[in-house]
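Structure file model.cif (mmCIF, C-alpha atoms) is printed below.
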```cif
data_coords
#
loop_
_atom_site.group_PDB
_atom_site.id
_atom_site.type_symbol
_atom_site.label_atom_id
_atom_site.label_comp_id
_atom_site.auth_asym_id
_atom_site.auth_seq_id
_atom_site.Cartn_x
_atom_site.Cartn_y
_atom_site.Cartn_z
ATOM 1 C CA MET A 67 -14.854 -3.287 -51.176
ATOM 2 C CA ILE A 68 -16.891 -2.573 -54.330
ATOM 3 C CA ASP A 69 -14.940 0.650 -54.864
ATOM 4 C CA ALA A 70 -11.632 -1.178 -54.608
ATOM 5 C CA THR A 71 -12.761 -3.758 -57.165
ATOM 6 C CA ALA A 72 -13.945 -1.025 -59.551
ATOM 7 C CA GLU A 73 -10.646 0.791 -59.167
ATOM 8 C CA ALA A 74 -8.701 -2.389 -59.876
ATOM 9 C CA ASN A 75 -10.813 -3.018 -62.969
ATOM 10 C CA ALA A 76 -10.282 0.540 -64.198
ATOM 11 C CA ALA A 77 -6.531 0.230 -63.664
ATOM 12 C CA GLN A 78 -6.458 -3.034 -65.581
ATOM 13 C CA GLU A 79 -8.527 -1.493 -68.353
ATOM 14 C CA PHE A 80 -6.164 1.453 -68.584
ATOM 15 C CA ASP A 81 -3.143 -0.869 -68.700
ATOM 16 C CA THR A 82 -4.709 -2.524 -71.731
ATOM 17 C CA VAL A 83 -5.203 0.889 -73.349
ATOM 18 C CA VAL A 84 -1.546 1.798 -72.766
ATOM 19 C CA ALA A 85 -0.319 -1.512 -74.121
ATOM 20 C CA GLY A 86 -2.550 -1.230 -77.160
ATOM 21 C CA HIS A 87 -1.846 2.368 -78.162
ATOM 22 C CA ARG A 88 1.537 3.352 -76.798
ATOM 23 C CA MET A 89 3.349 2.396 -79.959
ATOM 24 C CA GLN A 90 0.985 4.369 -82.184
ATOM 25 C CA ILE A 91 1.150 7.538 -80.050
ATOM 26 C CA PHE A 92 4.928 7.316 -79.802
ATOM 27 C CA ARG A 93 5.297 6.776 -83.559
ATOM 28 C CA PHE A 94 3.144 9.801 -84.361
ATOM 29 C CA LEU A 95 5.101 12.004 -81.929
ATOM 30 C CA LEU A 96 8.422 10.695 -83.203
ATOM 31 C CA ALA A 97 7.464 11.426 -86.813
ATOM 32 C CA SER A 98 6.267 14.905 -85.774
ATOM 33 C CA THR A 99 9.382 15.847 -83.813
ATOM 34 C CA ARG A 100 12.181 13.547 -85.092
ATOM 35 C CA ASP A 101 13.349 13.603 -81.466
ATOM 36 C CA VAL A 102 13.276 10.260 -79.645
ATOM 37 C CA ASP A 103 13.634 11.734 -76.142
ATOM 38 C CA MET A 104 10.947 14.325 -76.712
ATOM 39 C CA ALA A 105 8.616 11.733 -78.268
ATOM 40 C CA GLU A 106 9.086 9.485 -75.225
ATOM 41 C CA THR A 107 8.470 12.320 -72.792
ATOM 42 C CA LEU A 108 5.372 13.520 -74.622
ATOM 43 C CA THR A 109 4.060 9.935 -74.870
ATOM 44 C CA GLN A 110 4.431 9.551 -71.109
ATOM 45 C CA ASP A 111 2.727 12.894 -70.536
ATOM 46 C CA CYS A 112 -0.064 11.843 -72.868
ATOM 47 C CA PHE A 113 -0.813 8.658 -70.936
ATOM 48 C CA LEU A 114 -0.441 10.435 -67.602
ATOM 49 C CA LYS A 115 -3.033 12.977 -68.698
ATOM 50 C CA ALA A 116 -5.253 10.230 -70.052
ATOM 51 C CA HIS A 117 -4.965 8.308 -66.772
ATOM 52 C CA ARG A 118 -5.979 11.353 -64.751
ATOM 53 C CA ASN A 119 -9.022 11.856 -66.929
ATOM 54 C CA TRP A 120 -9.814 8.209 -67.569
ATOM 55 C CA SER A 121 -12.929 8.291 -65.390
ATOM 56 C CA GLY A 122 -14.222 11.191 -67.483
ATOM 57 C CA PHE A 123 -13.769 9.394 -70.809
ATOM 58 C CA ARG A 124 -17.273 8.562 -71.995
ATOM 59 C CA GLY A 125 -16.370 6.639 -75.109
ATOM 60 C CA GLU A 126 -17.996 9.144 -77.456
ATOM 61 C CA SER A 127 -14.941 8.841 -79.686
ATOM 62 C CA SER A 128 -12.570 5.896 -79.963
ATOM 63 C CA VAL A 129 -9.792 5.652 -77.375
ATOM 64 C CA LEU A 130 -7.197 6.200 -80.096
ATOM 65 C CA THR A 131 -8.908 9.391 -81.288
ATOM 66 C CA TRP A 132 -9.006 10.660 -77.707
ATOM 67 C CA LEU A 133 -5.352 9.800 -77.075
ATOM 68 C CA MET A 134 -4.253 11.347 -80.382
ATOM 69 C CA ARG A 135 -6.106 14.531 -79.506
ATOM 70 C CA ILE A 136 -4.251 14.710 -76.160
ATOM 71 C CA ALA A 137 -0.930 14.008 -77.914
ATOM 72 C CA ILE A 138 -1.483 16.764 -80.493
ATOM 73 C CA ASN A 139 -2.386 19.274 -77.763
ATOM 74 C CA LEU A 140 0.690 18.341 -75.727
ATOM 75 C CA GLN A 141 2.873 18.765 -78.782
ATOM 76 C CA LYS A 142 1.358 22.181 -79.511
ATOM 77 C CA ASP A 143 1.856 23.261 -75.881
ATOM 78 C CA HIS A 144 5.444 22.075 -75.992
ATOM 79 C CA TRP A 145 6.288 24.156 -79.075
ATOM 80 C CA ARG A 146 4.391 27.158 -77.762
ATOM 81 C CA ASN A 147 6.314 27.057 -74.465
ATOM 82 C CA ARG A 148 9.549 26.664 -76.333
ATOM 83 C CA ARG A 149 8.804 29.725 -78.452
ATOM 84 C CA ILE A 150 7.923 31.788 -75.385
ATOM 85 C CA GLN A 151 11.067 30.711 -73.551
ATOM 86 C CA PHE A 152 13.276 31.533 -76.510
ATOM 87 C CA TRP A 153 15.965 33.057 -74.317
ATOM 88 C CA ARG A 154 16.509 29.787 -72.497
ATOM 89 C CA GLN A 155 19.301 27.618 -73.625
ATOM 90 C CA THR A 156 17.252 24.839 -75.171
ATOM 91 C CA ARG A 157 18.842 21.933 -76.857
ATOM 92 C CA THR A 158 17.001 19.819 -79.352
ATOM 93 C CA ASN A 159 17.881 16.199 -79.946
ATOM 94 C CA ALA A 160 16.065 16.033 -83.256
ATOM 95 C CA VAL A 161 18.021 13.898 -85.661
ATOM 96 C CA ASP A 162 18.818 15.301 -89.081
ATOM 97 C CA LEU A 163 16.885 14.208 -92.128
ATOM 98 C CA ASP A 164 19.576 11.895 -93.483
ATOM 99 C CA GLU A 165 19.802 10.045 -90.204
ATOM 100 C CA ALA A 166 16.035 9.701 -90.046
ATOM 101 C CA SER A 167 16.087 8.251 -93.563
ATOM 102 C CA ASP A 168 18.519 5.503 -92.533
ATOM 103 C CA TRP A 169 15.710 3.502 -91.001
ATOM 104 C CA LEU A 170 14.327 0.962 -93.403
ATOM 105 C CA PRO A 171 12.775 -2.418 -92.607
ATOM 106 C CA SER A 172 15.138 -5.247 -93.321
ATOM 107 C CA GLY A 173 13.243 -6.955 -96.111
ATOM 108 C CA GLU A 174 14.145 -8.895 -99.194
ATOM 109 C CA ARG A 175 15.429 -5.896 -101.131
ATOM 110 C CA SER A 176 18.530 -5.540 -103.188
ATOM 111 C CA ALA A 177 21.153 -2.964 -102.271
ATOM 112 C CA GLU A 178 20.015 -0.805 -105.164
ATOM 113 C CA GLN A 179 16.374 -0.958 -104.075
ATOM 114 C CA ARG A 180 17.360 -0.019 -100.548
ATOM 115 C CA MET A 181 19.375 2.916 -101.848
ATOM 116 C CA LEU A 182 16.434 4.081 -103.914
ATOM 117 C CA ALA A 183 14.025 3.656 -101.003
ATOM 118 C CA LYS A 184 16.346 5.609 -98.714
ATOM 119 C CA GLU A 185 16.478 8.440 -101.207
ATOM 120 C CA GLN A 186 12.682 8.519 -101.491
ATOM 121 C CA VAL A 187 12.279 8.519 -97.702
ATOM 122 C CA SER A 188 14.772 11.354 -97.430
ATOM 123 C CA HIS A 189 12.783 13.424 -99.926
ATOM 124 C CA VAL A 190 9.521 12.774 -98.095
ATOM 125 C CA TRP A 191 11.162 13.844 -94.799
ATOM 126 C CA ARG A 192 12.389 17.012 -96.479
ATOM 127 C CA ALA A 193 8.892 17.761 -97.755
ATOM 128 C CA VAL A 194 7.342 16.969 -94.347
ATOM 129 C CA GLU A 195 9.765 19.361 -92.666
ATOM 130 C CA ASN A 196 8.583 22.184 -94.903
ATOM 131 C CA LEU A 197 4.872 21.567 -94.307
ATOM 132 C CA SER A 198 2.890 23.812 -92.019
ATOM 133 C CA GLU A 199 2.057 22.376 -88.592
ATOM 134 C CA ARG A 200 -1.493 21.449 -89.632
ATOM 135 C CA GLN A 201 -0.469 20.011 -92.978
ATOM 136 C CA ARG A 202 2.202 17.895 -91.269
ATOM 137 C CA THR A 203 -0.223 16.606 -88.635
ATOM 138 C CA VAL A 204 -2.840 15.699 -91.225
ATOM 139 C CA PHE A 205 -0.271 14.083 -93.519
ATOM 140 C CA LEU A 206 1.229 11.955 -90.726
ATOM 141 C CA LEU A 207 -2.161 10.926 -89.349
ATOM 142 C CA ARG A 208 -3.307 9.878 -92.820
ATOM 143 C CA TYR A 209 -0.252 8.154 -94.260
ATOM 144 C CA VAL A 210 1.669 6.976 -91.183
ATOM 145 C CA GLU A 211 -1.135 6.308 -88.717
ATOM 146 C CA GLU A 212 -3.573 5.465 -91.523
ATOM 147 C CA LEU A 213 -6.559 7.220 -90.007
ATOM 148 C CA ASP A 214 -9.362 8.048 -92.417
ATOM 149 C CA LEU A 215 -10.502 11.597 -93.090
ATOM 150 C CA LYS A 216 -13.329 11.478 -90.555
ATOM 151 C CA GLU A 217 -11.020 10.204 -87.806
ATOM 152 C CA ILE A 218 -8.481 12.922 -88.632
ATOM 153 C CA ALA A 219 -11.252 15.497 -88.446
ATOM 154 C CA ASP A 220 -12.248 14.153 -85.003
ATOM 155 C CA VAL A 221 -8.666 14.154 -83.757
ATOM 156 C CA THR A 222 -7.746 17.610 -84.988
ATOM 157 C CA GLY A 223 -11.112 19.292 -84.466
ATOM 158 C CA MET A 224 -11.125 20.446 -88.107
ATOM 159 C CA GLY A 225 -13.920 19.856 -90.585
ATOM 160 C CA GLU A 226 -13.523 17.049 -93.092
ATOM 161 C CA GLY A 227 -13.291 19.572 -95.921
ATOM 162 C CA THR A 228 -10.465 21.412 -94.175
ATOM 163 C CA VAL A 229 -8.647 18.134 -93.556
ATOM 164 C CA LYS A 230 -8.970 17.282 -97.229
ATOM 165 C CA ALA A 231 -7.625 20.689 -98.256
ATOM 166 C CA HIS A 232 -4.594 20.377 -95.951
ATOM 167 C CA LEU A 233 -3.929 16.861 -97.153
ATOM 168 C CA SER A 234 -4.142 17.927 -100.775
ATOM 169 C CA ARG A 235 -1.590 20.726 -100.219
ATOM 170 C CA ALA A 236 0.689 18.410 -98.265
ATOM 171 C CA LEU A 237 0.593 15.820 -101.051
ATOM 172 C CA ALA A 238 1.310 18.492 -103.631
ATOM 173 C CA LYS A 239 4.428 19.532 -101.697
ATOM 174 C CA VAL A 240 5.623 15.930 -101.345
ATOM 175 C CA ARG A 241 5.002 15.379 -105.041
ATOM 176 C CA LYS A 242 6.953 18.531 -105.881
ATOM 177 C CA GLN A 243 9.845 17.487 -103.650
ATOM 178 C CA LEU A 244 9.976 14.062 -105.306
ATOM 179 C CA GLY A 245 9.849 15.729 -108.723
ATOM 180 C CA GLU A 246 12.872 17.867 -107.840
ATOM 181 C CA GLN A 247 14.981 14.808 -107.136
ATOM 182 C CA LYS A 248 14.905 13.827 -110.791
ATOM 183 C CA MET B 219 6.844 -7.475 -102.989
ATOM 184 C CA ASN B 220 6.030 -3.871 -103.664
ATOM 185 C CA PRO B 221 5.699 -2.014 -100.315
ATOM 186 C CA THR B 222 2.513 -0.318 -101.495
ATOM 187 C CA ASP B 223 0.782 -3.686 -101.678
ATOM 188 C CA ARG B 224 0.955 -3.936 -97.901
ATOM 189 C CA ASN B 225 -0.817 -0.668 -97.364
ATOM 190 C CA PRO B 226 -4.458 -0.834 -98.431
ATOM 191 C CA LYS B 227 -5.025 2.788 -97.372
ATOM 192 C CA LEU B 228 -2.783 3.883 -100.215
ATOM 193 C CA SER B 229 -4.910 2.374 -102.929
ATOM 194 C CA PRO B 230 -5.618 4.939 -105.653
ATOM 195 C CA GLY B 231 -8.566 7.172 -104.977
ATOM 196 C CA GLU B 232 -9.258 5.668 -101.537
ATOM 197 C CA ASP B 233 -9.780 9.130 -100.078
ATOM 198 C CA GLY B 234 -10.328 10.956 -103.324
ATOM 199 C CA PHE B 235 -6.660 11.657 -104.048
ATOM 200 C CA GLU B 236 -5.172 10.216 -107.160
ATOM 201 C CA MET B 237 -1.583 9.161 -106.586
ATOM 202 C CA GLU B 238 0.909 8.169 -109.199
ATOM 203 C CA PRO B 239 2.793 4.906 -108.416
ATOM 204 C CA GLU B 240 6.029 6.702 -107.576
ATOM 205 C CA LEU B 241 4.367 8.917 -104.961
ATOM 206 C CA ARG B 242 2.561 5.912 -103.481
ATOM 207 C CA GLU B 243 5.788 3.999 -103.249
ATOM 208 C CA ALA B 244 7.651 6.916 -101.666
ATOM 209 C CA ILE B 245 4.954 7.435 -99.034
ATOM 210 C CA SER B 246 4.806 3.715 -98.319
ATOM 211 C CA ASN B 247 8.589 3.592 -97.873
ATOM 212 C CA PHE B 248 8.332 6.608 -95.606
ATOM 213 C CA LYS B 249 5.761 4.844 -93.413
ATOM 214 C CA SER B 250 7.895 1.670 -93.283
ATOM 215 C CA SER B 251 10.895 3.774 -92.300
ATOM 216 C CA VAL B 252 8.997 5.551 -89.503
ATOM 217 C CA ASP B 253 7.651 2.167 -88.294
ATOM 218 C CA ALA B 254 11.143 0.660 -88.201
ATOM 219 C CA TRP B 255 12.597 3.693 -86.422
ATOM 220 C CA SER B 256 9.851 3.895 -83.787
ATOM 221 C CA GLU B 257 9.964 0.136 -83.089
ATOM 222 C CA SER B 258 13.691 0.353 -82.564
ATOM 223 C CA ALA B 259 13.490 3.546 -80.480
ATOM 224 C CA ILE B 260 10.694 2.427 -78.165
ATOM 225 C CA SER B 261 12.526 -0.731 -77.135
ATOM 226 C CA ARG B 262 15.874 0.894 -76.410
ATOM 227 C CA PRO B 263 16.860 1.632 -72.800
ATOM 228 C CA ARG B 264 16.401 5.270 -72.058
ATOM 229 C CA GLU B 265 19.508 7.242 -71.228
ATOM 230 C CA VAL B 266 19.289 9.906 -68.605
ATOM 231 C CA THR B 267 21.942 12.525 -69.140
ATOM 232 C CA ALA B 268 22.559 15.457 -66.892
ATOM 233 C CA PRO B 269 22.369 18.751 -68.756
ATOM 234 C CA ALA B 270 25.840 19.885 -69.722
ATOM 235 C CA ARG B 271 27.066 22.863 -67.720
ATOM 236 C CA THR B 272 28.801 25.147 -70.118
ATOM 237 C CA ALA B 273 31.139 27.991 -69.197
ATOM 238 C CA TRP B 274 28.550 30.394 -70.594
ATOM 239 C CA GLY B 275 25.962 28.997 -68.226
ATOM 240 C CA ILE B 276 28.197 29.513 -65.174
ATOM 241 C CA ALA B 277 29.605 32.920 -66.205
ATOM 242 C CA PRO B 278 26.526 35.005 -65.272
ATOM 243 C CA LYS B 279 26.485 33.433 -61.800
ATOM 244 C CA TRP B 280 30.154 34.302 -61.283
ATOM 245 C CA VAL B 281 29.598 37.849 -62.497
ATOM 246 C CA LEU B 282 26.634 38.231 -60.150
ATOM 247 C CA GLY B 283 28.614 36.773 -57.237
ATOM 248 C CA CYS B 284 31.579 39.097 -57.861
ATOM 249 C CA ALA B 285 29.256 42.102 -58.170
ATOM 250 C CA VAL B 286 27.613 41.276 -54.813
ATOM 251 C CA PHE B 287 31.044 40.831 -53.192
ATOM 252 C CA VAL B 288 32.404 44.122 -54.590
ATOM 253 C CA CYS B 289 29.234 45.981 -53.549
ATOM 254 C CA THR B 290 29.434 44.578 -49.999
ATOM 255 C CA VAL B 291 33.130 45.425 -49.554
ATOM 256 C CA SER B 292 32.935 48.877 -51.132
ATOM 257 C CA GLY B 293 29.783 49.605 -49.108
ATOM 258 C CA GLY B 294 31.667 48.808 -45.889
ATOM 259 C CA VAL B 295 34.659 50.924 -46.887
ATOM 260 C CA TYR B 296 32.432 53.856 -47.840
ATOM 261 C CA GLN B 297 30.488 53.567 -44.572
ATOM 262 C CA ASN B 298 33.744 53.580 -42.577
ATOM 263 C CA HIS B 299 35.021 56.594 -44.527
ATOM 264 C CA ARG B 300 31.800 58.486 -43.896
ATOM 265 C CA GLN B 301 31.939 57.738 -40.144
ATOM 266 C CA GLN B 302 35.492 59.050 -39.937
ATOM 267 C CA GLU B 303 34.556 62.237 -41.793
ATOM 268 C CA SER B 304 31.587 62.926 -39.537
ATOM 269 C CA ALA B 305 33.733 62.235 -36.425
ATOM 270 C CA LYS B 306 36.276 64.837 -37.635
ATOM 271 C CA ILE B 307 33.549 67.429 -38.243
ATOM 272 C CA GLU B 308 32.050 66.773 -34.799
ATOM 273 C CA ALA B 309 35.464 67.127 -33.118
ATOM 274 C CA ALA B 310 36.098 70.443 -34.925
ATOM 275 C CA ARG B 311 32.654 71.726 -33.887
ATOM 276 C CA ILE B 312 33.275 70.825 -30.212
ATOM 277 C CA ALA B 313 36.732 72.468 -30.306
ATOM 278 C CA GLU B 314 35.244 75.669 -31.748
ATOM 279 C CA GLN B 315 32.508 75.671 -29.108
ATOM 280 C CA GLN B 316 35.131 75.333 -26.393
ATOM 281 C CA ARG B 317 37.198 78.161 -27.898
ATOM 282 C CA ASP B 318 34.132 80.433 -27.981
ATOM 283 C CA LEU B 319 33.310 79.557 -24.372
ATOM 284 C CA ALA B 320 36.877 80.266 -23.228
ATOM 285 C CA ALA B 321 36.921 83.619 -25.074
ATOM 286 C CA GLU B 322 33.597 84.605 -23.501
ATOM 287 C CA ARG B 323 34.853 83.695 -20.036
ATOM 288 C CA ALA B 324 38.070 85.666 -20.588
ATOM 289 C CA LYS B 325 36.043 88.698 -21.676
ATOM 290 C CA GLU B 326 33.779 88.477 -18.610
ATOM 291 C CA GLU B 327 36.824 88.202 -16.353
ATOM 292 C CA ALA B 328 38.464 91.217 -17.970
ATOM 293 C CA GLU B 329 35.325 93.316 -17.478
ATOM 294 C CA LEU B 330 35.143 92.284 -13.792
ATOM 295 C CA MET B 331 38.768 93.145 -13.233
ATOM 296 C CA ALA B 332 38.294 96.536 -14.899
ATOM 297 C CA ARG B 333 35.384 97.285 -12.605
ATOM 298 C CA VAL B 334 37.428 96.274 -9.475
ATOM 299 C CA ASP B 335 40.366 98.401 -10.640
ATOM 300 C CA SER B 336 38.217 101.468 -11.089
ATOM 301 C CA ASP B 337 36.751 100.985 -7.581
ATOM 302 C CA ILE B 338 40.236 100.708 -5.994
ATOM 303 C CA ALA B 339 41.590 103.708 -7.911
ATOM 304 C CA ARG B 340 38.951 106.068 -6.478
ATOM 305 C CA GLN B 341 40.546 108.507 -3.754
ATOM 306 C CA VAL B 342 37.413 109.068 -1.630
ATOM 307 C CA PRO B 343 34.258 106.998 -1.383
ATOM 308 C CA SER B 344 31.573 108.203 -3.655
ATOM 309 C CA ALA B 345 29.388 109.429 -0.712
ATOM 310 C CA LEU B 346 32.105 111.916 0.405
ATOM 311 C CA GLU B 347 32.857 113.299 -3.018
ATOM 312 C CA PRO B 348 30.831 116.621 -2.520
ATOM 313 C CA LEU B 349 32.749 117.401 0.699
ATOM 314 C CA ALA B 350 36.050 116.656 -0.940
ATOM 315 C CA SER B 351 35.288 119.163 -3.649
ATOM 316 C CA LEU B 352 34.486 121.855 -1.033
ATOM 317 C CA MET B 353 37.833 121.245 0.578
ATOM 318 C CA ASP B 354 39.546 121.827 -2.698
ATOM 319 C CA GLU B 355 37.777 125.197 -3.151
ATOM 320 C CA SER B 356 38.601 126.466 0.461
ATOM 321 C CA GLN B 357 42.243 125.535 0.016
ATOM 322 C CA GLY B 358 42.245 127.678 -3.084
ATOM 323 C CA THR B 359 40.783 130.852 -1.317
ATOM 324 C CA GLY B 360 43.210 130.542 1.673
ATOM 325 C CA ASN B 361 46.149 131.176 -0.593
#
```
Write out the structure in this file as structure tokens.
Amino acid sequence: MIDATAEANAAQEFDTVVAGHRMQIFRFLLASTRDVDMAETLTQDCFLKAHRNWSGFRGESSVLTWLMRIAINLQKDHWRNRRIQFWRQTRTNAVDLDEASDWLPSGERSAEQRMLAKEQVSHVWRAVENLSERQRTVFLLRYVEELDLKEIADVTGMGEGTVKAHLSRALAKVRKQLGEQK
Amino acid sequence: MNPTDRNPKLSPGEDGFEMEPELREAISNFKSSVDAWSESAISRPREVTAPARTAWGIAPKWVLGCAVFVCTVSGGVYQNHRQQESAKIEAARIAEQQRDLAAERAKEEAELMARVDSDIARQVPSALEPLASLMDESQGTGN
């Protein structure tokens, strides 16, 4: 009876975790892959893995840090498997950079401002595409997910100094890409 | 409203990186764009599409199937051909054996007949041959 109640509580607790963090995990994976289907699949895998190991989560890091770590590992595994199985006919649904840049919040902007914003977003996407895997992860965690340097270090398992170095290089590349547009 | 105003994390020097206004604005627009895209994508119904079967995907299976079929048929034909060949060789061997046997029998028969002929052709039995020679001599002296 007590076991059943504990299980029900754990399930409810996990439901709250999913509801609270699904969007953030999905957004990070979508920005990393530019592939909606893949981001959805990896998000599901992430929460499935988290659910299986939920009893082992001791709360040493925040739930988000833990989930992000799982998501990053799943993404790495996915690309590694894809590289190994290079002979397979794999089809990617990643949208191209222009299509990705079409998304802008409908705010009170003029047509000209929207055009300018779209162009900027396109240049940032282009720069992000040319970043190394680590630089891209650090950049997205910092400026899309808005984690601070310590949180990024926890998520990626890198030292804070290394995170800072990757971020600095990533910013330099984005800056350069924006400079080329002029 | 400038989009960077909404994002306190992008304030200059917040994490030790100085950012010029243009870069801040571009990154803020990028974040807004990713937010808008992910919010739209997560709420859409998911389409399940069966993987497209292309001709190139089916071709190897057809080639393999045809190869198995050709191997099976040609294997049967070859096996049949080999059986016929070995049956011919066996028949020739048996025929030769029979010819040899018949020749041997004919030879034995000829030898037997020769022996019988020589026995019949003799004028006196072999036990009386000395006496017969004496008779020949006395006939000679009487003349």
| query | What does the distance between atom CA of A:Leu108 and atom CA of A:Trp191 come to in Å, to one decimal place? | reply | 21.0 Å
| request: Show me which bits of chain B are within 6 Å of chain A, counting all atoms listed in the file, as a PyMOL selection string. | output: chain B and resi 244+248-249+251+254-256
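Taking atom CA of A:Phe80 and atom CA of B:Ile260 as the two end points, the separation is 19.4 Å.
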| task | Give as a VMD selection string the residues that the PyMOL selection byres ((chain A and resi 140) around 10) matches when applied to the coordinates above. | result | chain A and resid 95 108 to 109 111 to 112 115 134 to 139 141 to 146
Suppose a student applies the PyMOL selection byres ((chain A and resi 130) around 9) to this structure; what residues should they get, written as an mmCIF file with C-alpha atoms, in the frame of the given file?
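Saved as result37.cif:
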```cif
data_model
loop_
_atom_site.group_PDB
_atom_site.id
_atom_site.type_symbol
_atom_site.label_atom_id
_atom_site.label_comp_id
_atom_site.auth_asym_id
_atom_site.auth_seq_id
_atom_site.Cartn_x
_atom_site.Cartn_y
_atom_site.Cartn_z
ATOM 1 C CA VAL A 83 -5.203 0.889 -73.349
ATOM 2 C CA HIS A 87 -1.846 2.368 -78.162
ATOM 3 C CA GLN A 90 0.985 4.369 -82.184
ATOM 4 C CA ILE A 91 1.150 7.538 -80.050
ATOM 5 C CA SER A 127 -14.941 8.841 -79.686
ATOM 6 C CA SER A 128 -12.570 5.896 -79.963
ATOM 7 C CA VAL A 129 -9.792 5.652 -77.375
ATOM 8 C CA THR A 131 -8.908 9.391 -81.288
ATOM 9 C CA TRP A 132 -9.006 10.660 -77.707
ATOM 10 C CA LEU A 133 -5.352 9.800 -77.075
ATOM 11 C CA MET A 134 -4.253 11.347 -80.382
ATOM 12 C CA ARG A 135 -6.106 14.531 -79.506
ATOM 13 C CA VAL A 221 -8.666 14.154 -83.757
#
```
| remark: Here atom CA of A:Asn147 and atom CA of A:Leu114 stand apart by 19.2 Å
| task | Skip A:Thr228 itself and residues of its chain fewer than 2 positions away, then list as an MDAnalysis selection string all residues within 12 Å of it, counting only C-alpha atoms. | result | chainID A and resid 200:201 204 215:216 218:220 222:226 230:235
Go ahead and dump the residues you just picked, C-alpha atoms, as a PDB file, in the frame of the given file.
```pdb
ATOM      1  CA  ARG A 200      -1.493  21.449 -89.632  1.00  0.00           C
ATOM      2  CA  GLN A 201      -0.469  20.011 -92.978  1.00  0.00           C
ATOM      3  CA  VAL A 204      -2.840  15.699 -91.225  1.00  0.00           C
ATOM      4  CA  LEU A 215     -10.502  11.597 -93.090  1.00  0.00           C
ATOM      5  CA  LYS A 216     -13.329  11.478 -90.555  1.00  0.00           C
ATOM      6  CA  ILE A 218      -8.481  12.922 -88.632  1.00  0.00           C
ATOM      7  CA  ALA A 219     -11.252  15.497 -88.446  1.00  0.00           C
ATOM      8  CA  ASP A 220     -12.248  14.153 -85.003  1.00  0.00           C
ATOM      9  CA  THR A 222      -7.746  17.610 -84.988  1.00  0.00           C
ATOM     10  CA  GLY A 223     -11.112  19.292 -84.466  1.00  0.00           C
ATOM     11  CA  MET A 224     -11.125  20.446 -88.107  1.00  0.00           C
ATOM     12  CA  GLY A 225     -13.920  19.856 -90.585  1.00  0.00           C
ATOM     13  CA  GLU A 226     -13.523  17.049 -93.092  1.00  0.00           C
ATOM     14  CA  LYS A 230      -8.970  17.282 -97.229  1.00  0.00           C
ATOM     15  CA  ALA A 231      -7.625  20.689 -98.256  1.00  0.00           C
ATOM     16  CA  HIS A 232      -4.594  20.377 -95.951  1.00  0.00           C
ATOM     17  CA  LEU A 233      -3.929  16.861 -97.153  1.00  0.00           C
ATOM     18  CA  SER A 234      -4.142  17.927-100.775  1.00  0.00           C
ATOM     19  CA  ARG A 235      -1.590  20.726-100.219  1.00  0.00           C
TER      20      ARG A 235
END
```
